[in-house]
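Structure first, then comments.
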Amino acid sequence: MSKIQVMDHPLIQHKINYIRREEVGSKEFREIVGEIAALMCYEASRDLKLQEVKIKTPICEMNGKELSGKKLAVVPILRAGLGMVDGILKMIPAAKVGHIGLYRDPDTFEPVEYYCKLPADCDEREVFVVDPMLATGGSSVAAIQLLKEKGVEHIRFLCIIAAPEGVERMKQEHPDVALYIGALDDHLNEYKYIVPGLGDAGDRIFGTK
């Protein structure tokens, strides 16, 4: 059974609502996407394991806590997923970064892989797959399948906006992957864009059309 968390944090909701506006330019859009990703990372990492360690403060020795167990990796789905990486690295600077390149065939709407570069020890890491939009679910399902084929077992998926159709497909094909969603929108239109959505996230991040 998939773990699905739709973010209800006021800051996340405020920032998502702001970048939906069509008048928001690329520079501001890109910056706020990074801020949203950092806030979502904070929520998505809530159940990471801690271990007790002895440290020395300027005053005395003490027992404190730090992250334990598996190391972390961030894997954006190119190209729009790149917009979320820096925000997550601000929260987890030691994480390694991989890249998976997929584009959507304009006729079939299915993903086509064109690039994959992952940390050599990716199968030993807790992997955060990131993409601002979960529309049909095709790209995210394909990216996660690729990771599983390379031995990755611990995967979390973070997206800023999702359509119900994409969430359902993820639940069906990868029920073991936890989904962290900034906002769950209404539906996909005939062109497979999320409604109300925010348009093409990649174009808005990079200033292209």
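Lettering and numbering for the structure tokens are positional, with chains as A, B, ... in the shown order, residues counted from 1 in each chain, and ligands counted from 1 in the shown order.
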
Give me the residues within 10 Å of A:Gln145 as a list in words, counting only C-alpha atoms and dropping any in the same chain fewer than 6 places off. Ser139, Gly151, Val152, Glu173 and His174 of chain A

With N, CA, C and O atoms retained, write the just-selected residues as an mmCIF file, in the first residue's frame.
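selection-v4.cif was written with the following content:
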```cif
data_model
loop_
_atom_site.group_PDB
_atom_site.id
_atom_site.type_symbol
_atom_site.label_atom_id
_atom_site.label_comp_id
_atom_site.auth_asym_id
_atom_site.auth_seq_id
_atom_site.Cartn_x
_atom_site.Cartn_y
_atom_site.Cartn_z
ATOM 1 N N SER A 139 6.485 9.247 -16.797
ATOM 2 C CA SER A 139 7.906 9.494 -16.564
ATOM 3 C C SER A 139 8.344 9.011 -15.190
ATOM 4 O O SER A 139 9.400 8.387 -15.046
ATOM 5 N N GLY A 151 18.941 -1.936 -8.741
ATOM 6 C CA GLY A 151 19.108 -2.425 -7.382
ATOM 7 C C GLY A 151 18.668 -1.491 -6.278
ATOM 8 O O GLY A 151 18.835 -1.801 -5.092
ATOM 9 N N VAL A 152 18.105 -0.324 -6.624
ATOM 10 C CA VAL A 152 17.664 0.625 -5.588
ATOM 11 C C VAL A 152 16.361 0.123 -4.967
ATOM 12 O O VAL A 152 15.406 -0.193 -5.687
ATOM 13 N N GLU A 173 1.552 0.796 -9.998
ATOM 14 C CA GLU A 173 2.789 0.217 -10.522
ATOM 15 C C GLU A 173 3.937 0.212 -9.513
ATOM 16 O O GLU A 173 4.844 -0.612 -9.610
ATOM 17 N N HIS A 174 3.916 1.135 -8.563
ATOM 18 C CA HIS A 174 4.976 1.173 -7.545
ATOM 19 C C HIS A 174 4.365 1.404 -6.158
ATOM 20 O O HIS A 174 4.583 2.447 -5.527
#
```

A:Val167 environment, 10 Å, only C-alpha atoms, sequence neighbours closer than 5 positions dropped, as a PDB file with N, CA and C atoms, in the first residue's frame:
```pdb
ATOM      1  N   SER A   2       0.664   2.132  -0.948  1.00  0.00           N
ATOM      2  CA  SER A   2       1.474   3.335  -1.053  1.00  0.00           C
ATOM      3  C   SER A   2       1.225   4.285   0.106  1.00  0.00           C
ATOM      4  N   ILE A   4       0.955   7.999   0.802  1.00  0.00           N
ATOM      5  CA  ILE A   4       0.732   9.219   0.028  1.00  0.00           C
ATOM      6  C   ILE A   4       0.490  10.363   0.994  1.00  0.00           C
ATOM      7  N   LEU A 134       3.506  15.620 -11.521  1.00  0.00           N
ATOM      8  CA  LEU A 134       3.116  14.215 -11.717  1.00  0.00           C
ATOM      9  C   LEU A 134       1.805  14.251 -12.485  1.00  0.00           C
ATOM     10  N   ALA A 135       1.894  14.101 -13.809  1.00  0.00           N
ATOM     11  CA  ALA A 135       0.710  14.227 -14.667  1.00  0.00           C
ATOM     12  C   ALA A 135       0.143  12.848 -14.979  1.00  0.00           C
ATOM     13  N   THR A 136       0.568  12.247 -16.087  1.00  0.00           N
ATOM     14  CA  THR A 136       0.098  10.895 -16.410  1.00  0.00           C
ATOM     15  C   THR A 136       0.770   9.845 -15.527  1.00  0.00           C
ATOM     16  N   GLY A 137       1.930  10.192 -14.990  1.00  0.00           N
ATOM     17  CA  GLY A 137       2.697   9.236 -14.199  1.00  0.00           C
ATOM     18  C   GLY A 137       3.688   8.448 -15.028  1.00  0.00           C
ATOM     19  N   ALA A 162       0.355  17.310  -8.478  1.00  0.00           N
ATOM     20  CA  ALA A 162       0.011  16.004  -9.046  1.00  0.00           C
ATOM     21  C   ALA A 162      -1.431  16.000  -9.535  1.00  0.00           C
ATOM     22  N   GLN A 172      -0.565   1.941  -8.512  1.00  0.00           N
ATOM     23  CA  GLN A 172      -0.726   0.637  -9.132  1.00  0.00           C
ATOM     24  C   GLN A 172       0.621  -0.011  -9.469  1.00  0.00           C
ATOM     25  N   LEU A 179       4.841   8.638  -1.755  1.00  0.00           N
ATOM     26  CA  LEU A 179       4.610   9.827  -2.572  1.00  0.00           C
ATOM     27  C   LEU A 179       4.413  11.041  -1.670  1.00  0.00           C
ATOM     28  N   ILE A 181       3.421  14.969  -2.078  1.00  0.00           N
ATOM     29  CA  ILE A 181       2.774  15.825  -3.075  1.00  0.00           C
ATOM     30  C   ILE A 181       2.502  17.191  -2.466  1.00  0.00           C
ATOM     31  N   LEU A 184      -2.588  18.403  -4.739  1.00  0.00           N
ATOM     32  CA  LEU A 184      -3.276  17.441  -5.600  1.00  0.00           C
ATOM     33  C   LEU A 184      -4.359  18.186  -6.375  1.00  0.00           C
TER      34      LEU A 184
END
```

Of the candidates A:Gly138, A:Met91, A:Lys71, A:Arg30, which shows the shortest atom-to-atom distance to A:Asp105, using only C-alpha atoms?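 Closest to A:Asp105 of all the choices is A:Gly138.
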
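By only C-alpha atoms, and with residues fewer than 5 positions from A:Asp107 along its chain excluded, the set lying at most 12 Å from it is Val112, Tyr191 and Lys192 of chain A.
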
Taking into account only C-alpha atoms, which residue in the set A:Tyr114, A:Gly98, A:Pro164, A:Ala178 is nearest to A:Ser45?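 Comparing A:Tyr114, A:Gly98, A:Pro164, A:Ala178 against A:Ser45, the winner is A:Ala178.
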
Alpha helix (DSSP H) per DSSP on the backbone: members of stretch 20-197 of chain A, as a PyMOL selection string: chain A and resi 26-44+82-91+138-149+164-173

Nearest-residue call for A:Leu82, choices A:Val24, A:Val33, A:Cys60, A:Val6, using only C-alpha atoms: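 Once distances to A:Leu82 are computed over only C-alpha atoms, the minimum belongs to A:Val33.
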
Nearest to A:Leu67 among A:Pro196, A:Ile161, A:Val85, A:Glu52, with distances taken over only C-alpha atoms: which residue is it?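 When distances to A:Leu67 are compared using only C-alpha atoms, the smallest one comes from A:Glu52.
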
Which residues come within 8 Å of A:Ser140, counting only C-alpha atoms, excluding same-chain residues fewer than 5 positions away, as a PyMOL selection string? chain A and resi 77+131+134+170

Residues near A:His14, anyone? I mean within 12 Å using only C-alpha atoms, not counting same-chain ones fewer than 2 positions away, as an MDAnalysis selection string. chainID A and resid 7:12 16:21 32:33 35:36 39 182:183
